[in-house]
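Chemist: Got a file for you: entry08.txt, compact mmCIF, C-alpha atoms.
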# COMPACT_ATOMS: atom_id res chain seq x y z
CA MET A 1 -13.05 -85.79 98.65
CA SER A 2 -13.42 -83.83 101.87
CA ASN A 3 -12.31 -85.02 105.25
CA GLY A 4 -14.95 -83.89 107.71
CA GLY A 5 -14.58 -80.27 106.59
CA ILE A 6 -10.80 -80.21 107.00
CA PRO A 7 -9.29 -79.04 103.71
CA LEU A 8 -6.89 -81.29 101.85
CA ALA A 9 -3.24 -80.44 102.33
CA LEU A 10 -2.77 -80.63 98.59
CA ARG A 11 -5.19 -80.94 95.72
CA ILE A 12 -4.03 -81.13 92.14
CA SER A 13 -6.54 -81.34 89.31
CA GLY A 14 -5.87 -81.68 85.62
CA LEU A 15 -2.22 -80.72 85.94
CA THR A 16 -0.47 -80.56 82.56
CA LYS A 17 2.99 -79.30 81.68
CA SER A 18 4.75 -79.88 78.38
CA PHE A 19 8.35 -79.53 77.29
CA PRO A 20 9.70 -80.49 73.89
CA GLY A 21 9.60 -84.29 73.87
CA PHE A 22 7.90 -84.63 77.26
CA GLN A 23 4.41 -84.20 78.62
CA LEU A 24 3.43 -84.33 82.27
CA GLY A 25 -0.18 -85.24 82.97
CA PRO A 26 -2.95 -84.44 82.84
CA PHE A 27 -3.50 -85.95 86.27
CA ASP A 28 -5.28 -85.41 89.56
CA LEU A 29 -3.72 -86.01 92.96
CA ASP A 30 -4.70 -85.18 96.50
CA LEU A 31 -3.14 -85.53 99.93
CA GLU A 32 -4.81 -85.36 103.34
CA PRO A 33 -3.26 -83.69 106.36
CA GLY A 34 -1.34 -86.10 108.58
CA ARG A 35 -0.38 -88.32 105.67
CA VAL A 36 2.78 -89.18 103.79
CA LEU A 37 2.68 -89.84 100.08
CA GLY A 38 5.78 -91.30 98.43
CA PHE A 39 6.42 -90.28 94.82
CA VAL A 40 8.21 -93.05 92.96
CA GLY A 41 9.44 -93.20 89.40
CA PRO A 42 12.59 -93.25 87.27
CA ASN A 43 14.64 -90.13 86.53
CA GLY A 44 12.84 -87.95 84.00
CA ALA A 45 9.41 -89.35 84.86
CA GLY A 46 8.07 -85.95 85.96
CA LYS A 47 8.48 -85.91 89.75
CA THR A 48 10.55 -82.74 89.91
CA THR A 49 8.34 -81.03 87.32
CA THR A 50 5.31 -81.85 89.46
CA PHE A 51 6.97 -80.50 92.61
CA ASN A 52 8.09 -77.36 90.80
CA CYS A 53 4.55 -76.74 89.56
CA VAL A 54 3.16 -77.13 93.10
CA ALA A 55 5.88 -74.88 94.52
CA GLY A 56 5.12 -72.19 91.95
CA LEU A 57 8.54 -72.43 90.31
CA LEU A 58 6.97 -73.57 87.04
CA ARG A 59 3.71 -72.40 85.54
CA PRO A 60 1.51 -75.34 84.52
CA ASP A 61 0.03 -75.35 81.01
CA ALA A 62 -3.29 -76.32 82.55
CA GLY A 63 -4.75 -77.48 85.82
CA ASP A 64 -5.46 -76.24 89.32
CA ILE A 65 -3.38 -76.57 92.45
CA GLU A 66 -4.78 -75.92 95.92
CA LEU A 67 -2.92 -75.87 99.22
CA LEU A 68 -5.07 -76.24 102.35
CA GLY A 69 -8.12 -75.31 100.31
CA ARG A 70 -6.59 -72.15 98.85
CA PRO A 71 -5.77 -71.84 95.14
CA SER A 72 -2.18 -71.57 94.09
CA THR A 73 -0.87 -68.01 94.20
CA PRO A 74 2.85 -68.40 94.81
CA GLY A 75 3.38 -64.70 95.62
CA ASP A 76 0.87 -64.87 98.50
CA ALA A 77 2.75 -64.84 101.83
CA ARG A 78 0.27 -67.20 103.51
CA TRP A 79 0.57 -69.70 100.70
CA ARG A 80 4.36 -69.52 100.91
CA ASP A 81 4.25 -70.05 104.68
CA ASP A 82 2.19 -73.22 104.20
CA LEU A 83 4.70 -74.76 101.84
CA GLY A 84 8.17 -76.16 102.40
CA HIS A 85 9.95 -77.29 99.27
CA VAL A 86 13.28 -79.09 99.26
CA GLY A 87 14.37 -79.37 95.66
CA GLU A 88 17.47 -79.15 93.59
CA VAL A 89 17.68 -75.35 93.75
CA GLY A 90 20.17 -74.21 96.37
CA GLY A 91 19.19 -70.60 96.93
CA PHE A 92 21.74 -69.92 99.65
CA TYR A 93 24.47 -67.30 99.71
CA ALA A 94 27.66 -69.31 99.28
CA ASP A 95 29.88 -66.74 100.99
CA TRP A 96 27.61 -66.36 104.01
CA THR A 97 27.63 -68.67 107.00
CA THR A 98 24.89 -71.26 107.50
CA GLY A 99 23.54 -69.26 110.45
CA ARG A 100 23.38 -65.99 108.54
CA ASN A 101 21.57 -67.70 105.65
CA LEU A 102 19.01 -69.11 108.09
CA ASP A 103 18.54 -65.71 109.76
CA LEU A 104 17.84 -64.19 106.37
CA LEU A 105 14.97 -66.65 105.87
CA ALA A 106 13.27 -65.27 108.98
CA SER A 107 12.50 -62.09 107.05
CA PHE A 108 10.60 -64.08 104.40
CA HIS A 109 8.38 -66.04 106.73
CA ALA A 110 6.11 -64.64 109.43
CA ALA A 111 6.06 -68.05 111.10
CA TRP A 112 9.86 -68.49 111.18
CA SER A 113 11.21 -69.76 114.49
CA ARG A 114 14.90 -69.11 115.06
CA ARG A 115 14.85 -71.43 118.06
CA ARG A 116 13.40 -74.24 115.96
CA ALA A 117 15.92 -73.74 113.16
CA ILE A 118 18.87 -73.72 115.58
CA ASP A 119 17.56 -76.79 117.45
CA LEU A 120 17.25 -78.69 114.17
CA ALA A 121 20.69 -77.58 113.01
CA GLU A 122 22.16 -78.85 116.28
CA ARG A 123 20.33 -82.17 116.01
CA PHE A 124 21.66 -82.65 112.51
CA GLY A 125 25.16 -81.57 113.52
CA LEU A 126 24.99 -78.75 110.98
CA PRO A 127 27.70 -76.14 111.72
CA LEU A 128 26.15 -72.65 111.88
CA ASP A 129 29.45 -70.76 111.64
CA ARG A 130 30.69 -72.36 108.42
CA LYS A 131 30.32 -70.72 105.01
CA VAL A 132 27.83 -72.48 102.78
CA LYS A 133 30.43 -72.95 100.01
CA ASP A 134 32.60 -74.92 102.46
CA LEU A 135 29.79 -77.31 103.50
CA SER A 136 29.90 -80.97 102.51
CA LYS A 137 27.18 -82.28 100.23
CA GLY A 138 25.49 -83.89 103.24
CA ASN A 139 25.54 -80.65 105.22
CA GLN A 140 24.10 -78.74 102.26
CA ALA A 141 21.20 -81.19 102.14
CA LYS A 142 20.69 -80.75 105.90
CA LEU A 143 20.69 -76.97 105.48
CA ALA A 144 18.00 -77.25 102.81
CA LEU A 145 15.82 -79.23 105.22
CA VAL A 146 16.38 -76.95 108.19
CA ALA A 147 15.60 -74.00 105.92
CA VAL A 148 12.13 -75.35 105.11
CA LEU A 149 11.33 -76.74 108.56
CA GLY A 150 12.15 -73.43 110.25
CA HIS A 151 8.79 -71.90 109.36
CA ASP A 152 6.89 -75.10 110.15
CA PRO A 153 4.97 -75.44 106.86
CA ARG A 154 1.87 -77.65 106.69
CA LEU A 155 2.89 -79.24 103.40
CA LEU A 156 6.41 -80.51 102.82
CA LEU A 157 7.44 -81.21 99.25
CA LEU A 158 10.62 -83.21 99.58
CA ASP A 159 12.31 -83.96 96.28
CA GLU A 160 14.95 -86.56 97.08
CA PRO A 161 15.88 -84.80 100.33
CA THR A 162 18.24 -87.56 101.43
CA ALA A 163 20.14 -87.95 98.13
CA GLY A 164 23.84 -88.13 98.89
CA LEU A 165 23.37 -88.46 102.65
CA ASP A 166 24.93 -91.26 104.65
CA PRO A 167 22.64 -93.78 106.40
CA VAL A 168 22.94 -92.18 109.84
CA VAL A 169 21.95 -88.74 108.60
CA ARG A 170 19.15 -90.24 106.46
CA SER A 171 17.72 -91.84 109.55
CA GLU A 172 18.04 -88.54 111.49
CA VAL A 173 16.08 -86.82 108.74
CA LEU A 174 13.35 -89.46 108.93
CA GLU A 175 13.21 -89.11 112.74
CA VAL A 176 12.53 -85.41 112.35
CA LEU A 177 9.82 -86.08 109.77
CA TRP A 178 8.06 -88.48 112.14
CA GLU A 179 7.96 -85.75 114.75
CA VAL A 180 6.67 -83.23 112.25
CA LEU A 181 3.82 -85.63 111.41
CA ALA A 182 2.83 -86.37 114.99
CA ASP A 183 0.26 -83.58 115.35
CA GLY A 184 -1.71 -84.81 112.33
CA GLU A 185 -1.72 -81.38 110.69
CA HIS A 186 1.31 -81.77 108.47
CA ALA A 187 1.47 -83.66 105.20
CA ILE A 188 4.52 -84.84 103.31
CA PHE A 189 4.88 -85.48 99.59
CA TYR A 190 8.24 -87.22 99.24
CA SER A 191 10.14 -88.43 96.21
CA THR A 192 13.09 -90.78 96.53
CA HIS A 193 14.99 -93.54 94.81
CA ILE A 194 15.70 -95.16 98.15
CA ILE A 195 12.29 -96.70 98.70
CA SER A 196 13.41 -98.54 101.83
CA ASP A 197 13.85 -95.09 103.44
CA ILE A 198 10.15 -94.33 103.23
CA SER A 199 8.56 -97.79 103.22
CA ARG A 200 7.70 -97.39 106.92
CA LEU A 201 6.96 -93.66 106.81
CA ALA A 202 4.76 -93.49 103.70
CA ASP A 203 1.06 -94.27 103.93
CA GLU A 204 0.81 -94.59 100.18
CA LEU A 205 3.05 -94.60 97.14
CA VAL A 206 2.08 -93.01 93.85
CA PHE A 207 3.97 -94.23 90.80
CA ILE A 208 4.87 -92.09 87.83
CA HIS A 209 6.38 -93.08 84.52
CA ASP A 210 6.92 -90.90 81.45
CA GLY A 211 4.70 -88.12 82.80
CA ARG A 212 1.76 -90.40 83.58
CA LEU A 213 0.62 -91.71 86.97
CA LEU A 214 0.71 -95.53 87.03
CA GLY A 215 -1.38 -95.92 90.15
CA ARG A 216 -1.51 -95.17 93.84
CA HIS A 217 -1.28 -97.90 96.45
CA ALA A 218 -1.42 -98.03 100.24
CA THR A 219 1.78 -99.62 101.57
CA THR A 220 -0.35 -101.93 103.75
CA GLU A 221 -2.19 -103.20 100.66
CA MET A 222 1.04 -103.66 98.74
CA ALA A 223 2.58 -105.69 101.56
CA GLU A 224 -0.55 -107.80 101.82
CA SER A 225 -1.34 -108.45 98.15
CA TRP A 226 2.02 -109.15 96.58
CA ARG A 227 3.70 -112.52 96.98
CA ARG A 228 6.43 -114.53 95.34
CA ILE A 229 4.97 -118.01 94.83
CA THR A 230 6.58 -121.22 93.62
CA PHE A 231 4.65 -124.39 92.83
CA ARG A 232 4.56 -127.53 90.69
CA LEU A 233 1.94 -127.84 88.00
CA ALA A 234 2.10 -130.40 85.20
CA VAL A 235 -0.71 -129.15 82.93
CA GLY A 236 0.20 -127.23 79.77
CA GLU A 237 0.13 -123.50 79.11
CA THR A 238 -1.95 -121.86 81.82
CA ARG A 239 -2.64 -118.26 82.66
CA ILE A 240 -2.63 -117.94 86.45
CA ALA A 241 -4.94 -115.34 87.97
CA GLY A 242 -3.33 -112.25 89.51
CA VAL A 243 0.14 -112.88 88.18
CA ALA A 244 2.55 -110.12 87.12
CA GLU A 245 5.52 -112.30 86.22
CA HIS A 246 5.76 -116.00 85.44
CA ARG A 247 8.85 -118.21 85.06
CA ARG A 248 8.64 -121.88 84.27
CA VAL A 249 11.03 -124.80 84.02
CA ARG A 250 9.12 -127.96 83.03
CA ASP A 251 6.51 -128.44 85.79
CA GLU A 252 8.21 -126.00 88.19
CA HIS A 253 6.72 -122.52 88.27
CA GLN A 254 7.73 -119.30 89.95
CA VAL A 255 5.34 -116.36 89.80
CA VAL A 256 5.04 -112.90 91.26
CA SER A 257 1.44 -112.31 92.26
CA PHE A 258 -0.13 -108.89 92.83
CA ALA A 259 -3.29 -110.53 94.22
CA GLN A 260 -2.13 -113.45 96.31
CA ALA A 261 -5.58 -114.57 97.50
CA GLU A 262 -6.80 -114.80 93.91
CA THR A 263 -3.63 -116.53 92.72
CA LEU A 264 -3.64 -119.09 95.56
CA ARG A 265 -7.32 -119.85 94.98
CA HIS A 266 -6.68 -120.40 91.27
CA LEU A 267 -3.68 -122.63 92.03
CA GLY A 268 -5.89 -124.67 94.35
CA GLU A 269 -8.44 -125.13 91.59
CA LEU A 270 -5.75 -126.14 89.10
CA GLY A 271 -4.42 -128.70 91.56
CA ALA A 272 -0.97 -127.12 91.92
CA ASP A 273 1.40 -128.93 94.23
CA ARG A 274 4.11 -127.94 96.73
CA ILE A 275 3.03 -124.32 96.91
CA GLU A 276 5.51 -122.05 98.73
CA HIS A 277 4.97 -118.35 99.08
CA SER A 278 6.77 -115.47 100.69
CA PRO A 279 6.17 -111.74 101.05
CA MET A 280 8.05 -109.11 99.09
CA THR A 281 9.61 -105.86 100.27
CA ILE A 282 7.96 -102.59 99.27
CA GLU A 283 11.06 -101.95 97.18
CA GLU A 284 10.68 -105.21 95.23
CA ILE A 285 6.99 -104.48 94.67
CA ALA A 286 7.74 -100.94 93.51
CA VAL A 287 10.18 -102.30 90.93
CA MET A 288 7.51 -104.72 89.65
CA ILE A 289 4.96 -101.91 89.35
CA LEU A 290 7.39 -99.65 87.51
CA LYS A 291 8.41 -102.46 85.15
CA GLY A 292 4.76 -102.43 84.21
CA GLY A 293 2.12 -104.97 83.45
CA SER A 294 -1.65 -105.12 83.43
CA HIS A 295 -1.84 -104.62 87.20
CA ALA A 296 -0.18 -101.22 86.91
CA GLN A 297 -2.99 -99.83 84.76
CA THR A 298 -5.84 -100.78 87.04
CA ALA A 299 -5.45 -98.50 90.05
CA MET B 1 3.26 -100.11 125.12
CA LEU B 2 6.27 -101.43 123.26
CA LEU B 3 5.56 -103.69 120.30
CA HIS B 4 7.96 -105.61 118.10
CA LEU B 5 7.67 -104.59 114.47
CA SER B 6 10.16 -105.76 111.88
CA GLU B 7 10.24 -105.39 108.13
CA LEU B 8 12.26 -108.60 107.94
CA ALA B 9 9.41 -110.64 109.42
CA PRO B 10 7.25 -112.54 106.92
CA GLU B 11 4.06 -110.80 108.11
CA PRO B 12 3.18 -107.31 106.88
CA LEU B 13 3.70 -104.65 109.58
CA HIS B 14 -0.01 -104.06 110.15
CA GLN B 15 -0.53 -107.78 110.79
CA GLN B 16 2.39 -107.91 113.23
CA LEU B 17 0.76 -105.00 115.03
CA SER B 18 -2.75 -106.46 115.11
CA ARG B 19 -1.43 -109.88 116.20
CA GLN B 20 0.44 -108.39 119.17
CA LEU B 21 -2.46 -106.16 120.20
CA ARG B 22 -4.85 -109.11 119.89
CA ALA B 23 -2.60 -111.22 122.11
CA ARG B 24 -2.57 -108.47 124.75
CA ILE B 25 -6.35 -108.20 124.64
CA LEU B 26 -6.90 -111.97 124.79
CA ALA B 27 -4.40 -112.30 127.66
CA ARG B 28 -6.18 -109.48 129.55
CA GLU B 29 -3.13 -107.26 129.53
CA LEU B 30 -5.51 -104.81 127.89
CA LEU B 31 -8.81 -104.76 129.73
CA ASP B 32 -12.39 -104.15 128.59
CA GLY B 33 -12.95 -100.46 127.93
CA GLU B 34 -9.28 -99.54 127.98
CA LEU B 35 -8.24 -96.71 125.66
CA LEU B 36 -5.53 -97.58 123.16
CA PRO B 37 -2.80 -95.13 122.14
CA SER B 38 -3.91 -92.76 119.38
CA ILE B 39 -3.12 -93.89 115.85
CA ARG B 40 -0.63 -91.07 115.40
CA ALA B 41 1.11 -91.67 118.73
CA LEU B 42 1.53 -95.38 118.08
CA ALA B 43 2.74 -94.68 114.52
CA ARG B 44 5.34 -92.21 115.74
CA ASP B 45 6.50 -94.33 118.67
CA HIS B 46 7.02 -97.38 116.47
CA ARG B 47 8.15 -95.58 113.33
CA VAL B 48 5.42 -96.91 111.10
CA SER B 49 3.01 -95.07 108.86
CA VAL B 50 -0.36 -93.85 110.12
CA ILE B 51 -2.12 -96.13 107.67
CA THR B 52 -0.34 -99.17 109.16
CA VAL B 53 -1.76 -98.50 112.63
CA GLN B 54 -5.13 -97.50 111.26
CA ARG B 55 -5.39 -100.75 109.33
CA ALA B 56 -4.44 -102.83 112.40
CA TYR B 57 -7.03 -101.03 114.57
CA GLU B 58 -9.72 -101.41 111.92
CA ASP B 59 -9.00 -105.13 111.51
CA LEU B 60 -9.33 -105.63 115.28
CA GLU B 61 -12.52 -103.59 115.24
CA ARG B 62 -13.94 -105.91 112.56
CA GLU B 63 -13.02 -108.87 114.78
CA GLY B 64 -15.01 -107.29 117.60
CA LEU B 65 -11.97 -106.77 119.82
CA LEU B 66 -11.82 -102.98 119.51
CA VAL B 67 -14.49 -100.34 119.27
CA SER B 68 -13.93 -96.84 117.91
CA ARG B 69 -15.62 -93.76 119.32
CA PRO B 70 -15.39 -90.84 116.90
CA GLY B 71 -13.21 -88.08 118.28
CA LYS B 72 -12.14 -90.20 121.27
CA GLY B 73 -10.18 -93.08 119.81
CA PHE B 74 -10.11 -96.87 119.93
CA PHE B 75 -11.09 -98.81 123.06
CA VAL B 76 -10.97 -102.51 123.95
CA ALA B 77 -14.48 -103.77 123.24
CA PRO B 78 -16.07 -105.37 126.30
CA GLN B 79 -15.85 -109.14 125.76
CA PRO B 80 -18.67 -111.44 126.92
CA GLU B 81 -17.76 -114.15 129.43
CA GLY B 82 -15.64 -116.82 127.74
CA GLN B 83 -15.25 -114.85 124.53
CA ARG B 84 -11.48 -114.33 124.87
CA ARG B 85 -11.07 -118.09 125.26
CA ARG B 86 -13.31 -118.84 122.27
CA VAL B 87 -11.35 -116.44 120.06
CA ALA B 88 -8.02 -117.92 121.19
CA LEU B 89 -9.28 -121.47 120.55
CA ALA B 90 -10.58 -120.59 117.10
CA ARG B 91 -7.24 -119.01 116.23
CA LEU B 92 -5.37 -122.10 117.45
CA ARG B 93 -7.59 -124.34 115.31
CA ASP B 94 -6.98 -122.14 112.25
CA ALA B 95 -3.25 -122.05 112.87
CA LEU B 96 -2.96 -125.81 113.32
CA GLY B 97 -4.89 -126.68 110.15
CA PRO B 98 -2.05 -126.31 107.62
CA PRO B 99 0.69 -128.13 109.62
CA VAL B 100 -1.71 -130.97 110.46
CA ALA B 101 -2.66 -131.31 106.79
CA ALA B 102 1.04 -131.26 105.85
CA ALA B 103 1.83 -133.93 108.44
CA ARG B 104 -1.00 -136.13 107.13
CA ALA B 105 0.28 -135.63 103.55
CA GLU B 106 3.69 -136.82 104.76
CA GLY B 107 2.13 -140.03 106.07
CA LEU B 108 1.74 -139.37 109.81
CA GLN B 109 -1.22 -140.93 111.62
CA PRO B 110 -3.52 -138.98 114.00
CA SER B 111 -1.92 -140.83 116.92
CA ASP B 112 1.53 -139.60 115.78
CA ILE B 113 0.27 -136.06 115.60
CA LEU B 114 -1.31 -136.24 119.08
CA GLU B 115 1.96 -137.58 120.44
CA VAL B 116 3.85 -134.64 118.93
CA PHE B 117 1.33 -132.19 120.42
CA THR B 118 1.91 -133.73 123.84
CA HIS B 119 5.67 -133.35 123.43
CA VAL B 120 5.30 -129.73 122.35
CA LEU B 121 3.06 -128.99 125.31
CA ASP B 122 5.56 -130.65 127.69
CA ALA B 123 8.35 -128.53 126.25
CA GLU B 124 6.21 -125.44 126.86
CA GLY B 125 5.57 -126.60 130.43
CA GLY B 126 1.88 -126.80 129.56
CA THR B 127 0.78 -130.16 130.92
CA GLN B 128 1.55 -129.69 134.60
Go through the file and emit its structure as structure tokens.
Modeler:
Amino acid sequence: MSNGGIPLALRISGLTKSFPGFQLGPFDLDLEPGRVLGFVGPNGAGKTTTFNCVAGLLRPDAGDIELLGRPSTPGDARWRDDLGHVGEVGGFYADWTTGRNLDLLASFHAAWSRRRAIDLAERFGLPLDRKVKDLSKGNQAKLALVAVLGHDPRLLLLDEPTAGLDPVVRSEVLEVLWEVLADGEHAIFYSTHIISDISRLADELVFIHDGRLLGRHATTEMAESWRRITFRLAVGETRIAGVAEHRRVRDEHQVVSFAQAETLRHLGELGADRIEHSPMTIEEIAVMILKGGSHAQTA
Amino acid sequence: MLLHLSELAPEPLHQQLSRQLRARILARELLDGELLPSIRALARDHRVSVITVQRAYEDLEREGLLVSRPGKGFFVAPQPEGQRRRVALARLRDALGPPVAAARAEGLQPSDILEVFTHVLDAEGGTQ
């Protein structure tokens, strides 16, 4: 899928990586510039393995990875400059100050901007004169972000970048990401357990469970299609169209629909009574998708 | 342009956005031919995803209220004489359908419903 000649920010095809007792993929995934893709799944589902394969920290068993139209060659300086990966690996000198660690990064990246790094550190309230080993968990996470934003990479791989951060700092991080996105040239692939953090930022969410992708959905479509619906219906056992979950007490029904238009039409045909429906948060919908059901296999 | 977008509202964000833009177009706060903010600028300013703004713009384009010019952006589509009023009336009719049906189901007569409408209009200062 090309985008008027502009290369995809990320293109994964046929990615496979196995460990004893676990297999990731094979799957395909792509991401356009200017977009944010949320990566959602339980611990151990394969998110970090995927990120590490893209970042060149793990060698895939099979599959191709392209960044901005160029094949993955992690040693290549240009490829490294295009990528910013915030993962679990620290990689900082614990006895050095924050500032000295950041200055060291300048020598690895042609595009490094000291001004930009210092500005970001100030915005985040990250002390530059403190030794890394003395930083709080929150400040270490901020340092990891500043360290990848300093060279202004086109693709950000953010593996739970806000884990352990308080709500104010999480929102500061998101503010910075919105600014990074504003020129339309940057793309973000973002995994988190705190879906409410990215429900406004992410264009789409891709779900992963046990190494397999469960589907990819635009947040707008999710918000529009899913509804919690209650109604009265006296007739016996009935399968309602578009329903992911169904609870029933006598003639009172409560369903979760992943295709509200279809469900409401069917309820109309069945002559259901006292229909009430309300939208669901992206977080509630994500939980339903991860819990599984026929709808999860279709996308 | 400052719009009100809340995740706690029952409408999805892209519908809140399209509703408020539509209201500004129908009320002539946005005039024929006027350029709207770029998708990315509006997304950043209101802290919503690009796809949210894109969807709202595309929905309004389908309704004939916006027109997109590749490489330039989205503009208010010139509306024929009386078109804004027709669109607003059609939307009012659509919106009133369900509550009128509910009122009828609860036993109210058309005259009751008209009386309530008059009260509501008075409260809004609409009948002077």
Chemist: Do you know which residues are at most 12 Å from Gln54 in chain B counting all atoms listed in the file, after dropping those on the same chain fewer than 5 positions away, and could you put them as number ranges by chain?
Modeler: A: 35, 203, 218, 220; B: 13-15, 17-18, 36-43, 48-49, 59-61, 66, 68, 73-74
Chemist: Neighbouring residues of Trp96 in chain A were defined as those with any atom within 7 Å, considering all atoms listed in the file; residues of the same chain fewer than 5 positions away were excluded. Please report them as number ranges by chain.
Modeler: A: 101, 131-132
Chemist: Quick one, how far is CA of Phe22 in chain A from CA of Cys53 in chain A?
Modeler: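 Atom-to-atom, CA of Phe22 in chain A and CA of Cys53 in chain A are spaced 15.0 Å apart.
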Chemist: Could you write out as a list in words the residues of chain A within 8 Å of chain B, counting all atoms listed in the file?
Modeler: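 Using all atoms listed in the file, chain A residues at most 8 Å from chain B: Gly34, Arg35, Val36, Trp178, Glu179, Ala182, Asp183, Gly184, Arg200, Leu201, Ala202, Asp203, Ala218, Thr219, Thr220, Ala223, Glu224, Ser278, Pro279 and Thr281 of chain A.
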Chemist: Quick one, how far is CA of Arg116 in chain A from CA of Leu177 in chain A?
Modeler: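 These atoms are spaced 13.8 Å apart.
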Chemist: In Å to one decimal, how far is CA of Glu106 in chain B from CA of Glu269 in chain A?
Modeler: 21.4 Å
Chemist: So that I can check the surroundings of Pro161 in chain A, please list as JSON, numbers by chain every protein, DNA and RNA residue that reaches within 9 Å of it, counting all atoms listed in the file and ignoring chain neighbours fewer than 6 positions away.
Modeler: {"A": [86, 87, 88, 141, 142, 144, 145, 170, 173, 190, 191, 192]}
Chemist: With distances taken over all atoms listed in the file, which of A:Ser171, A:Ser199, A:Gln254, A:Ser113 is nearest to His151 in chain A?
Modeler: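 Closest residue, counting all atoms listed in the file: A:Ser113.
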